[in-house]
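With mmCIF, C-alpha atoms inside, this is upload_15.cif:
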data_run
#
loop_
_atom_site.label_atom_id
_atom_site.label_comp_id
_atom_site.auth_asym_id
_atom_site.auth_seq_id
_atom_site.Cartn_x
_atom_site.Cartn_y
_atom_site.Cartn_z
CA MET R 1 0.00 0.00 0.00
CA SER R 2 2.96 2.37 -0.43
CA ALA R 3 2.80 5.27 -2.83
CA PRO R 4 4.57 5.07 -6.18
CA ASP R 5 7.71 6.88 -7.32
CA ASN R 6 9.30 9.55 -5.19
CA ALA R 7 6.26 11.09 -3.52
CA THR R 8 6.99 9.18 -0.34
CA ARG R 9 10.72 9.79 -0.49
CA LEU R 10 10.21 13.55 -0.40
CA PRO R 11 7.36 13.89 2.09
CA GLY R 12 7.63 17.65 2.43
CA GLY R 13 9.01 18.33 -1.02
CA ARG R 14 7.59 19.67 -4.22
CA THR R 15 6.71 16.20 -5.55
CA ALA R 16 4.60 15.43 -2.50
CA ARG R 17 2.86 18.80 -2.76
CA VAL R 18 2.11 18.23 -6.44
CA ARG R 19 0.65 14.83 -5.64
CA ALA R 20 -1.44 16.26 -2.80
CA ASP R 21 -2.71 19.11 -5.00
CA VAL R 22 -3.60 16.75 -7.83
CA LEU R 23 -5.39 14.25 -5.58
CA ALA R 24 -7.35 17.02 -3.86
CA ALA R 25 -8.50 18.15 -7.31
CA VAL R 26 -9.40 14.57 -8.27
CA GLU R 27 -11.58 14.30 -5.15
CA VAL R 28 -13.53 17.43 -5.98
CA GLU R 29 -13.88 16.71 -9.70
CA LEU R 30 -14.95 13.11 -9.12
CA ALA R 31 -17.42 13.89 -6.36
CA GLU R 32 -18.94 16.76 -8.33
CA HIS R 33 -18.94 15.36 -11.86
CA GLY R 34 -18.51 11.59 -11.52
CA TYR R 35 -16.30 9.38 -13.64
CA ASP R 36 -17.60 10.77 -16.93
CA GLY R 37 -16.63 14.29 -15.87
CA LEU R 38 -13.17 13.33 -14.67
CA SER R 39 -10.35 14.28 -17.03
CA ILE R 40 -6.63 14.93 -16.88
CA ASP R 41 -7.26 18.43 -18.23
CA GLY R 42 -9.94 19.19 -15.62
CA VAL R 43 -7.75 17.95 -12.79
CA ALA R 44 -4.79 19.93 -14.11
CA ALA R 45 -6.86 23.10 -14.33
CA ARG R 46 -8.32 22.73 -10.85
CA SER R 47 -5.03 21.75 -9.19
CA GLY R 48 -2.89 24.35 -10.90
CA VAL R 49 -0.46 21.58 -11.87
CA HIS R 50 0.60 21.57 -15.52
CA ARG R 51 -1.23 18.95 -17.55
CA THR R 52 1.97 17.39 -18.86
CA THR R 53 3.05 16.86 -15.24
CA VAL R 54 -0.30 15.22 -14.42
CA TYR R 55 0.03 12.98 -17.50
CA ARG R 56 3.59 12.01 -16.63
CA ARG R 57 2.83 11.21 -12.99
CA PHE R 58 -0.59 9.53 -13.30
CA GLY R 59 -0.83 8.51 -16.95
CA SER R 60 -4.59 8.34 -17.20
CA VAL R 61 -7.89 8.92 -15.43
CA ALA R 62 -7.65 5.34 -14.14
CA GLY R 63 -4.20 6.15 -12.77
CA LEU R 64 -5.63 9.13 -10.90
CA LEU R 65 -8.26 6.91 -9.28
CA VAL R 66 -5.74 4.24 -8.32
CA ASP R 67 -3.46 6.81 -6.72
CA LEU R 68 -6.40 8.41 -4.90
CA LEU R 69 -7.29 5.05 -3.34
CA MET R 70 -3.66 4.30 -2.47
CA ALA R 71 -3.36 7.67 -0.76
CA ALA R 72 -6.64 7.09 1.10
CA GLY R 73 -5.26 3.79 2.38
CA ASP R 74 -2.10 5.49 3.65
CA ASP R 75 -3.92 6.99 6.61
CA ASP R 76 -3.70 5.72 10.18
CA TRP R 77 -7.36 4.74 10.50
CA PRO R 78 -8.29 2.44 13.35
CA PRO R 79 -11.83 1.33 14.18
CA ALA R 80 -13.22 3.17 17.20
CA ASP R 81 -12.97 1.28 20.50
CA THR R 82 -16.32 1.65 22.29
CA GLY R 83 -15.99 -1.26 24.70
CA SER R 84 -18.49 -3.65 23.09
CA LEU R 85 -18.87 -5.56 19.83
CA GLU R 86 -22.22 -3.90 19.19
CA GLY R 87 -20.85 -0.44 19.86
CA ASP R 88 -17.82 -1.00 17.65
CA LEU R 89 -19.94 -2.29 14.75
CA ILE R 90 -22.32 0.66 15.11
CA GLY R 91 -19.25 2.91 14.91
CA LEU R 92 -18.15 1.23 11.68
CA ASN R 93 -21.60 1.44 10.15
CA ARG R 94 -21.83 5.14 10.99
CA GLU R 95 -18.53 5.76 9.21
CA VAL R 96 -19.80 3.93 6.11
CA TYR R 97 -23.15 5.69 6.36
CA ASP R 98 -21.60 9.15 6.68
CA ALA R 99 -19.27 8.52 3.73
CA LEU R 100 -22.08 7.29 1.47
CA THR R 101 -24.57 10.02 2.39
CA ALA R 102 -22.13 12.94 2.14
CA GLU R 103 -23.20 15.50 -0.47
CA PRO R 104 -21.45 14.90 -2.78
CA SER R 105 -20.16 11.46 -1.78
CA LEU R 106 -16.63 10.75 -2.93
CA THR R 107 -17.03 7.14 -1.81
CA ALA R 108 -20.14 6.64 -3.93
CA ALA R 109 -18.34 8.23 -6.89
CA VAL R 110 -15.34 5.91 -6.48
CA ILE R 111 -17.61 2.86 -6.29
CA ALA R 112 -19.40 3.94 -9.47
CA ALA R 113 -16.02 4.51 -11.16
CA SER R 114 -14.97 0.98 -10.19
CA PHE R 115 -17.54 -0.28 -12.72
CA ARG R 116 -15.80 1.71 -15.45
CA THR R 117 -12.17 0.71 -15.18
CA PRO R 118 -10.62 -2.52 -13.90
CA GLU R 119 -7.68 -0.63 -12.37
CA ALA R 120 -10.02 1.34 -10.10
CA ALA R 121 -11.92 -1.85 -9.22
CA GLU R 122 -8.68 -3.56 -8.17
CA ALA R 123 -7.54 -0.54 -6.17
CA LEU R 124 -10.92 -0.35 -4.41
CA THR R 125 -10.71 -4.05 -3.52
CA ARG R 126 -7.24 -3.52 -2.04
CA PHE R 127 -8.44 -0.46 -0.12
CA TRP R 128 -11.41 -2.33 1.37
CA GLU R 129 -9.41 -5.46 2.21
CA ASP R 130 -6.91 -3.27 4.06
CA ARG R 131 -9.84 -1.73 5.95
CA HIS R 132 -11.07 -5.23 6.81
CA ASP R 133 -7.58 -6.17 8.03
CA ARG R 134 -7.51 -3.16 10.34
CA GLY R 135 -11.19 -3.55 11.32
CA ALA R 136 -10.38 -7.05 12.57
CA ALA R 137 -9.26 -5.33 15.78
CA VAL R 138 -12.97 -5.04 16.62
CA ILE R 139 -13.32 -8.81 16.63
CA THR R 140 -10.01 -9.37 18.44
CA ARG R 141 -11.20 -7.08 21.23
CA ALA R 142 -14.55 -8.88 21.41
CA VAL R 143 -12.72 -12.21 21.70
CA ASP R 144 -10.49 -10.74 24.44
CA ARG R 145 -13.58 -9.55 26.33
CA GLY R 146 -15.15 -13.00 26.05
CA GLU R 147 -17.97 -11.76 23.81
CA LEU R 148 -16.94 -13.98 20.90
CA PRO R 149 -15.21 -17.37 20.71
CA ALA R 150 -11.57 -17.49 19.61
CA GLY R 151 -11.27 -18.14 15.92
CA THR R 152 -14.29 -16.04 14.93
CA ASP R 153 -13.98 -15.01 11.26
CA ALA R 154 -13.41 -11.25 11.56
CA ARG R 155 -14.03 -10.49 7.90
CA ARG R 156 -17.38 -12.26 7.99
CA VAL R 157 -18.55 -10.22 10.97
CA LEU R 158 -17.37 -6.93 9.46
CA ILE R 159 -19.11 -7.68 6.15
CA ALA R 160 -22.33 -8.79 7.88
CA ALA R 161 -22.49 -5.41 9.64
CA THR R 162 -21.48 -3.06 6.85
CA ALA R 163 -22.77 -4.80 3.69
CA PRO R 164 -26.44 -3.85 4.27
CA VAL R 165 -25.48 -0.16 4.34
CA TYR R 166 -23.59 -0.45 1.03
CA TYR R 167 -26.35 -2.55 -0.52
CA GLN R 168 -29.22 -0.25 0.40
CA LEU R 169 -27.52 3.05 -0.42
CA VAL R 170 -25.31 2.06 -3.39
CA LEU R 171 -27.01 -0.86 -5.15
CA LEU R 172 -30.66 -0.51 -4.16
CA ARG R 173 -30.24 3.29 -4.20
CA GLN R 174 -32.81 3.82 -1.47
CA PRO R 175 -32.66 6.26 1.41
CA MET R 176 -31.62 5.11 4.87
CA THR R 177 -31.60 6.75 8.26
CA ARG R 178 -28.62 6.61 10.55
CA ALA R 179 -30.83 4.66 12.98
CA GLN R 180 -31.31 2.00 10.29
CA ALA R 181 -27.55 1.79 9.78
CA ASP R 182 -27.18 1.32 13.54
CA GLN R 183 -29.82 -1.41 13.48
CA PHE R 184 -27.98 -3.41 10.83
CA ALA R 185 -24.91 -3.30 13.10
CA ARG R 186 -26.99 -4.46 16.07
CA ASP R 187 -28.42 -7.34 14.05
CA ALA R 188 -24.92 -8.39 12.95
CA ALA R 189 -23.66 -8.29 16.54
CA ALA R 190 -26.66 -10.29 17.75
CA GLY R 191 -26.08 -12.87 15.01
CA GLN R 192 -22.59 -13.49 16.40
CA LEU R 193 -23.30 -13.19 20.10
CA THR R 194 -25.84 -16.03 19.99
CA ARG R 195 -22.98 -18.42 19.38
CA GLY R 196 -20.66 -16.45 21.68
CA ALA R 197 -18.19 -17.89 24.16
CA MET T 1 -44.78 -4.13 -12.74
CA SER T 2 -46.86 -4.84 -15.85
CA ALA T 3 -45.27 -4.81 -19.28
CA PRO T 4 -45.67 -1.79 -21.56
CA ASP T 5 -47.74 -1.44 -24.73
CA ASN T 6 -49.39 -4.43 -26.32
CA ALA T 7 -46.92 -7.19 -25.58
CA THR T 8 -49.09 -8.44 -22.73
CA ARG T 9 -52.32 -8.03 -24.65
CA LEU T 10 -51.18 -10.37 -27.37
CA PRO T 11 -49.35 -13.01 -25.35
CA GLY T 12 -49.01 -15.42 -28.25
CA GLY T 13 -48.92 -12.81 -30.98
CA ARG T 14 -46.19 -11.44 -33.16
CA THR T 15 -45.58 -8.43 -30.90
CA ALA T 16 -44.96 -10.68 -27.92
CA ARG T 17 -42.65 -12.89 -29.96
CA VAL T 18 -40.69 -9.88 -31.15
CA ARG T 19 -40.31 -8.65 -27.59
CA ALA T 20 -39.23 -12.09 -26.37
CA ASP T 21 -36.71 -12.41 -29.21
CA VAL T 22 -35.27 -8.96 -28.57
CA LEU T 23 -34.99 -9.45 -24.80
CA ALA T 24 -33.34 -12.85 -25.24
CA ALA T 25 -30.77 -11.16 -27.47
CA VAL T 26 -30.29 -8.36 -24.91
CA GLU T 27 -29.56 -10.96 -22.22
CA VAL T 28 -26.88 -12.66 -24.30
CA GLU T 29 -25.29 -9.46 -25.58
CA LEU T 30 -25.24 -7.85 -22.14
CA ALA T 31 -23.91 -10.90 -20.32
CA GLU T 32 -21.21 -11.46 -22.96
CA HIS T 33 -20.14 -7.92 -23.74
CA GLY T 34 -21.38 -5.76 -20.86
CA TYR T 35 -23.00 -2.35 -21.17
CA ASP T 36 -20.31 -0.97 -23.46
CA GLY T 37 -20.89 -3.78 -25.94
CA LEU T 38 -24.69 -3.45 -25.90
CA SER T 39 -26.13 -1.72 -28.95
CA ILE T 40 -29.42 -1.53 -30.79
CA ASP T 41 -27.67 -2.81 -33.91
CA GLY T 42 -26.10 -5.77 -32.11
CA VAL T 43 -29.41 -6.72 -30.50
CA ALA T 44 -31.19 -6.41 -33.85
CA ALA T 45 -28.62 -8.60 -35.56
CA ARG T 46 -28.71 -11.29 -32.90
CA SER T 47 -32.49 -11.32 -32.51
CA GLY T 48 -33.26 -11.24 -36.23
CA VAL T 49 -35.64 -8.33 -35.57
CA HIS T 50 -35.21 -5.35 -37.88
CA ARG T 51 -33.27 -2.54 -36.26
CA THR T 52 -35.99 0.03 -36.99
CA THR T 53 -38.44 -2.19 -35.10
CA VAL T 54 -36.04 -2.41 -32.15
CA TYR T 55 -35.61 1.38 -32.18
CA ARG T 56 -39.35 1.97 -32.38
CA ARG T 57 -40.18 -0.42 -29.54
CA PHE T 58 -37.32 0.25 -27.14
CA GLY T 59 -35.89 3.59 -28.20
CA SER T 60 -32.41 3.18 -26.75
CA VAL T 61 -30.00 0.86 -24.99
CA ALA T 62 -31.39 2.16 -21.68
CA GLY T 63 -34.89 1.28 -22.91
CA LEU T 64 -33.74 -2.27 -23.62
CA LEU T 65 -32.40 -2.61 -20.07
CA VAL T 66 -35.56 -1.20 -18.51
CA ASP T 67 -37.74 -3.59 -20.49
CA LEU T 68 -35.47 -6.51 -19.61
CA LEU T 69 -35.90 -5.78 -15.91
CA MET T 70 -39.65 -5.29 -16.27
CA ALA T 71 -39.92 -8.63 -18.03
CA ALA T 72 -37.78 -10.29 -15.35
CA GLY T 73 -40.17 -8.95 -12.69
CA ASP T 74 -43.17 -10.37 -14.53
CA ASP T 75 -42.36 -13.90 -13.40
CA ASP T 76 -44.18 -15.78 -10.65
CA TRP T 77 -41.18 -16.09 -8.32
CA PRO T 78 -41.90 -16.98 -4.73
CA PRO T 79 -39.23 -17.59 -2.08
CA ALA T 80 -38.78 -21.31 -1.37
CA ASP T 81 -40.64 -22.59 1.72
CA THR T 82 -38.23 -24.82 3.66
CA GLY T 83 -40.02 -24.78 7.02
CA SER T 84 -37.60 -22.53 8.93
CA LEU T 85 -36.36 -18.94 8.80
CA GLU T 86 -32.77 -20.11 8.48
CA GLY T 87 -33.60 -22.52 5.68
CA ASP T 88 -35.61 -19.92 3.78
CA LEU T 89 -32.82 -17.31 4.05
CA ILE T 90 -30.26 -19.88 2.90
CA GLY T 91 -32.52 -20.53 -0.08
CA LEU T 92 -32.60 -16.83 -0.93
CA ASN T 93 -28.84 -16.46 -0.57
CA ARG T 94 -28.25 -19.45 -2.86
CA GLU T 95 -30.43 -17.85 -5.51
CA VAL T 96 -28.44 -14.61 -5.29
CA TYR T 97 -25.16 -16.54 -5.20
CA ASP T 98 -26.03 -18.64 -8.24
CA ALA T 99 -27.14 -15.56 -10.22
CA LEU T 100 -23.97 -13.62 -9.39
CA THR T 101 -21.55 -16.48 -10.03
CA ALA T 102 -23.09 -17.66 -13.32
CA GLU T 103 -20.64 -17.46 -16.23
CA PRO T 104 -21.44 -15.01 -17.65
CA SER T 105 -23.65 -13.38 -15.02
CA LEU T 106 -26.55 -11.40 -16.42
CA THR T 107 -27.31 -10.08 -12.94
CA ALA T 108 -23.78 -8.75 -12.49
CA ALA T 109 -23.96 -7.15 -15.94
CA VAL T 110 -27.28 -5.46 -15.11
CA ILE T 111 -25.87 -4.13 -11.83
CA ALA T 112 -22.83 -2.73 -13.65
CA ALA T 113 -25.14 -1.16 -16.25
CA SER T 114 -27.13 0.51 -13.47
CA PHE T 115 -24.08 2.72 -12.87
CA ARG T 116 -24.22 3.87 -16.49
CA THR T 117 -27.80 4.98 -16.98
CA PRO T 118 -30.30 6.33 -14.43
CA GLU T 119 -33.19 4.53 -16.19
CA ALA T 120 -31.56 1.14 -15.59
CA ALA T 121 -30.80 2.11 -11.99
CA GLU T 122 -34.45 2.98 -11.37
CA ALA T 123 -35.67 -0.19 -13.05
CA LEU T 124 -33.26 -2.27 -10.97
CA THR T 125 -34.49 -0.61 -7.78
CA ARG T 126 -38.09 -1.41 -8.74
CA PHE T 127 -37.16 -5.00 -9.58
CA TRP T 128 -35.41 -5.53 -6.23
CA GLU T 129 -38.12 -3.83 -4.18
CA ASP T 130 -40.68 -6.12 -5.84
CA ARG T 131 -38.46 -9.07 -4.87
CA HIS T 132 -38.35 -7.77 -1.29
CA ASP T 133 -42.13 -7.45 -1.28
CA ARG T 134 -42.52 -11.08 -2.36
CA GLY T 135 -39.65 -12.27 -0.15
CA ALA T 136 -41.53 -10.88 2.86
CA ALA T 137 -43.46 -14.17 2.81
CA VAL T 138 -40.37 -15.70 4.46
CA ILE T 139 -40.76 -13.43 7.46
CA THR T 140 -44.55 -13.83 7.57
CA ARG T 141 -44.12 -17.59 7.75
CA ALA T 142 -41.49 -17.24 10.50
CA VAL T 143 -43.92 -15.06 12.49
CA ASP T 144 -46.70 -17.62 11.95
CA ARG T 145 -44.39 -20.39 13.24
CA GLY T 146 -43.53 -18.30 16.29
CA GLU T 147 -39.88 -17.92 15.26
CA LEU T 148 -40.12 -14.13 15.00
CA PRO T 149 -42.25 -11.56 16.81
CA ALA T 150 -45.16 -9.97 14.94
CA GLY T 151 -44.13 -6.68 13.37
CA THR T 152 -40.63 -7.81 12.41
CA ASP T 153 -39.31 -5.60 9.59
CA ALA T 154 -39.22 -8.07 6.68
CA ARG T 155 -37.11 -5.89 4.41
CA ARG T 156 -34.44 -5.48 7.09
CA VAL T 157 -34.14 -9.25 7.55
CA LEU T 158 -34.00 -9.92 3.81
CA ILE T 159 -31.31 -7.27 3.30
CA ALA T 160 -29.26 -8.50 6.28
CA ALA T 161 -29.15 -11.97 4.70
CA THR T 162 -28.54 -11.14 1.06
CA ALA T 163 -26.50 -7.90 1.21
CA PRO T 164 -23.22 -9.63 2.20
CA VAL T 165 -23.41 -11.80 -0.93
CA TYR T 166 -23.90 -8.75 -3.17
CA TYR T 167 -21.21 -6.79 -1.33
CA GLN T 168 -18.53 -9.47 -1.50
CA LEU T 169 -19.14 -10.57 -5.09
CA VAL T 170 -20.18 -7.29 -6.75
CA LEU T 171 -18.52 -4.46 -4.82
CA LEU T 172 -15.53 -6.12 -3.15
CA ARG T 173 -15.18 -8.38 -6.23
CA GLN T 174 -13.81 -11.25 -4.21
CA PRO T 175 -14.60 -14.95 -4.60
CA MET T 176 -17.07 -16.64 -2.31
CA THR T 177 -18.08 -20.24 -1.77
CA ARG T 178 -21.69 -21.33 -1.60
CA ALA T 179 -20.97 -22.38 2.01
CA GLN T 180 -20.03 -18.76 2.81
CA ALA T 181 -23.27 -17.53 1.25
CA ASP T 182 -25.13 -20.03 3.45
CA GLN T 183 -23.24 -18.78 6.49
CA PHE T 184 -24.27 -15.17 5.91
CA ALA T 185 -27.89 -16.38 5.84
CA ARG T 186 -27.38 -18.31 9.08
CA ASP T 187 -25.85 -15.25 10.75
CA ALA T 188 -28.80 -13.10 9.63
CA ALA T 189 -31.29 -15.65 10.96
CA ALA T 190 -29.43 -15.88 14.26
CA GLY T 191 -29.40 -12.10 14.57
CA GLN T 192 -33.19 -12.10 14.43
CA LEU T 193 -33.91 -15.24 16.42
CA THR T 194 -32.10 -13.88 19.52
CA ARG T 195 -34.91 -11.38 19.92
CA GLY T 196 -37.56 -13.85 18.73
CA ALA T 197 -40.98 -14.42 20.22
#
Can the structure from this file be put into structure tokens for me?
Amino acid sequence: MSAPDNATRLPGGRTARVRADVLAAVEVELAEHGYDGLSIDGVAARSGVHRTTVYRRFGSVAGLLVDLLMAAGDDDWPPADTGSLEGDLIGLNREVYDALTAEPSLTAAVIAASFRTPEAAEALTRFWEDRHDRGAAVITRAVDRGELPAGTDARRVLIAATAPVYYQLVLLRQPMTRAQADQFARDAAAGQLTRGA
Amino acid sequence: MSAPDNATRLPGGRTARVRADVLAAVEVELAEHGYDGLSIDGVAARSGVHRTTVYRRFGSVAGLLVDLLMAAGDDDWPPADTGSLEGDLIGLNREVYDALTAEPSLTAAVIAASFRTPEAAEALTRFWEDRHDRGAAVITRAVDRGELPAGTDARRVLIAATAPVYYQLVLLRQPMTRAQADQFARDAAAGQLTRGA
């Protein structure tokens, strides 16, 4: 999940600033106009970075999306520790809910773009699998507290909680309240706790 | 969810045959080539229906997709009755799993197309909501058996069971075994049964 070329070797340097400026422009352009409105020229204009530099560094619109997802995965995100499996899953679902209901939603735009270019789809898969790896801390803590048996499949629990929020908002394209997102997390926790330690 | 114009009024007539031929061609073209490979000309060639007839009846590629989904919703699908909430949800998840893992998968192609044209997205939403309406029989039966309390939100239970299969196969784009699809159904059933009657 490391960044390409010398952006990471010069964290405070011009290269890193160019990358940050370009990716900030990609976020705005993508969220506002979607994949069809995303172009190297538009990103160059918005970022103030010369278009030949954008071309050289990112190569294509797909390259911009891949780098955006790699940069997003370079954060230090941990799942919130609320002291219970149910509370932690509610916390995760609220993060997903907030990201998907933002106006405009960059996350929704990236998901839509993943149906347009295989590179973005692969980068999105890697981003989410990294999130699942880090989110596994929620299940580890629940095992440590005695809420869940050792060996519980963390990925399965995380997907059971969050998938309904993605499905309803992204695929079914129907509104959802935050209380409904919470309820899906409660249901997922209850589904695990019945077979708890 | 009724079909447009006179296709349904002349069930054995030429109009109905033309519609059936065109939609069969849409299914094959879409599953094989995806949205980008779907064209009025290609559908006309494959179906043997004159392209001006296809244009007149369906208007556009989006019109073909909308009609395909309307026709798909005109079936007499009921959820399988296995005698238990868990069994019924496993049955639903296997149907979703089989549709999404077919080679090629028409369902996956339709979902991808829904990110390309708002008309297809709306038609897909209507198709799924109709499926949820009919799938509610699963929850009604569970209430009648005393497995679930009266007033249980049927849609929430159906989404909790099936959403993980859609999420993992369509959005996360990761493989899944049928046993994993079953397990998501079991988890969803368990999440409800803990607060059962």
For this session: Please write as an MDAnalysis selection string the full residue list that the PyMOL selection byres ((chain R) within 10 of (chain T)) yields on this file.
Result: chainID R and resid 36 109 111:116 121:122 124:129 156:168 170:174 180 183:195
Problem set entry | the PyMOL selection byres ((chain R and resi 42-51) around 8) resolved against shown file, as a PyMOL selection string | chain R and resi 18+21-22+24-26+29+38-41+52-55
For this session: Taking (-16.7, -4.3, 18.9) in the file's own coordinates, collect the residues within 10 Å, counting all atoms listed in the file, and hand them back as a VMD selection string.
Result: chain R and resid 79 to 92 135 to 143 145 147 to 148 158 189
Resulting file, chosen residues, C-alpha atoms, as a CSV table (one decimal), in the frame of the given file:
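Result went into result-v6.csv, see below:
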chain,number,residue,atom,x,y,z
R,79,PRO,CA,-11.8,1.3,14.2
R,80,ALA,CA,-13.2,3.2,17.2
R,81,ASP,CA,-13.0,1.3,20.5
R,82,THR,CA,-16.3,1.6,22.3
R,83,GLY,CA,-16.0,-1.3,24.7
R,84,SER,CA,-18.5,-3.6,23.1
R,85,LEU,CA,-18.9,-5.6,19.8
R,86,GLU,CA,-22.2,-3.9,19.2
R,87,GLY,CA,-20.8,-0.4,19.9
R,88,ASP,CA,-17.8,-1.0,17.6
R,89,LEU,CA,-19.9,-2.3,14.8
R,90,ILE,CA,-22.3,0.7,15.1
R,91,GLY,CA,-19.2,2.9,14.9
R,92,LEU,CA,-18.2,1.2,11.7
R,135,GLY,CA,-11.2,-3.6,11.3
R,136,ALA,CA,-10.4,-7.0,12.6
R,137,ALA,CA,-9.3,-5.3,15.8
R,138,VAL,CA,-13.0,-5.0,16.6
R,139,ILE,CA,-13.3,-8.8,16.6
R,140,THR,CA,-10.0,-9.4,18.4
R,141,ARG,CA,-11.2,-7.1,21.2
R,142,ALA,CA,-14.6,-8.9,21.4
R,143,VAL,CA,-12.7,-12.2,21.7
R,145,ARG,CA,-13.6,-9.6,26.3
R,147,GLU,CA,-18.0,-11.8,23.8
R,148,LEU,CA,-16.9,-14.0,20.9
R,158,LEU,CA,-17.4,-6.9,9.5
R,189,ALA,CA,-23.7,-8.3,16.5
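Atom CA of Leu106 of chain R lies 8.4 Å from atom CA of Glu32 of chain R.
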Problem set entry | Output check: residues returned by the PyMOL selection byres ((chain T and resi 97) around 10), as a ChimeraX atom specification | /T:91-96,98-102,162,165-166,169,176-178,180-182
Problem set entry | Close residues, Ala72 of chain R itself excluded, 10 Å, all atoms listed in the file, min 4 positions apart in chain, as a list in words | Met1, Leu23, Val66, Asp67, Leu68, Asp76, Trp77 and Phe127 of chain R
For this session: For atom CA of Glu103 of chain R and atom CA of Thr117 of chain T, quote the distance in Å rounded to one decimal.
Result: 20.1 Å
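Distance-wise, atom CA of Asp75 of chain R and atom CA of Glu119 of chain R end up 20.8 Å apart.
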Report as AutoDock Vina command-line options the centre and the edge lengths, in Å to one decimal, of the axis-aligned box holding every listed atom of segment 32-37 of chain T, padded by 8 Å on each side.
--center_x -21.6 --center_y -6.2 --center_z -23.4 --size_x 18.9 --size_y 26.5 --size_z 21.1
How would segment 72-86 of chain T look with N, CA and C atoms restored, written as a tab-separated table (two decimals), in the coordinates of the input?
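Written out: rebuild-v2.tsv:
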chain	number	residue	atom	x	y	z
T	72	ALA	N	-38.29	-9.39	-16.39
T	72	ALA	CA	-37.78	-10.29	-15.35
T	72	ALA	C	-38.69	-10.26	-14.12
T	73	GLY	N	-39.28	-9.09	-13.84
T	73	GLY	CA	-40.17	-8.95	-12.69
T	73	GLY	C	-41.56	-9.50	-12.94
T	74	ASP	N	-41.84	-9.85	-14.19
T	74	ASP	CA	-43.17	-10.37	-14.53
T	74	ASP	C	-43.29	-11.87	-14.27
T	75	ASP	N	-42.29	-12.46	-13.65
T	75	ASP	CA	-42.36	-13.90	-13.40
T	75	ASP	C	-43.25	-14.18	-12.18
T	76	ASP	N	-43.35	-15.44	-11.81
T	76	ASP	CA	-44.18	-15.78	-10.65
T	76	ASP	C	-43.32	-16.26	-9.49
T	77	TRP	N	-42.12	-15.67	-9.36
T	77	TRP	CA	-41.18	-16.09	-8.32
T	77	TRP	C	-41.75	-15.99	-6.92
T	78	PRO	N	-41.71	-17.08	-6.18
T	78	PRO	CA	-41.90	-16.98	-4.73
T	78	PRO	C	-40.62	-17.48	-4.04
T	79	PRO	N	-40.36	-17.02	-2.82
T	79	PRO	CA	-39.23	-17.59	-2.08
T	79	PRO	C	-39.56	-19.02	-1.68
T	80	ALA	N	-38.56	-19.90	-1.73
T	80	ALA	CA	-38.78	-21.31	-1.37
T	80	ALA	C	-39.21	-21.42	0.09
T	81	ASP	N	-40.12	-22.36	0.36
T	81	ASP	CA	-40.64	-22.59	1.72
T	81	ASP	C	-39.99	-23.85	2.27
T	82	THR	N	-39.00	-23.67	3.15
T	82	THR	CA	-38.23	-24.82	3.66
T	82	THR	C	-38.67	-25.23	5.06
T	83	GLY	N	-39.54	-24.42	5.69
T	83	GLY	CA	-40.02	-24.78	7.02
T	83	GLY	C	-39.31	-24.09	8.16
T	84	SER	N	-38.26	-23.29	7.86
T	84	SER	CA	-37.60	-22.53	8.93
T	84	SER	C	-37.08	-21.22	8.36
T	85	LEU	N	-36.92	-20.22	9.25
T	85	LEU	CA	-36.36	-18.94	8.80
T	85	LEU	C	-34.96	-19.14	8.23
T	86	GLU	N	-34.14	-19.90	8.95
T	86	GLU	CA	-32.77	-20.11	8.48
T	86	GLU	C	-32.75	-20.79	7.11
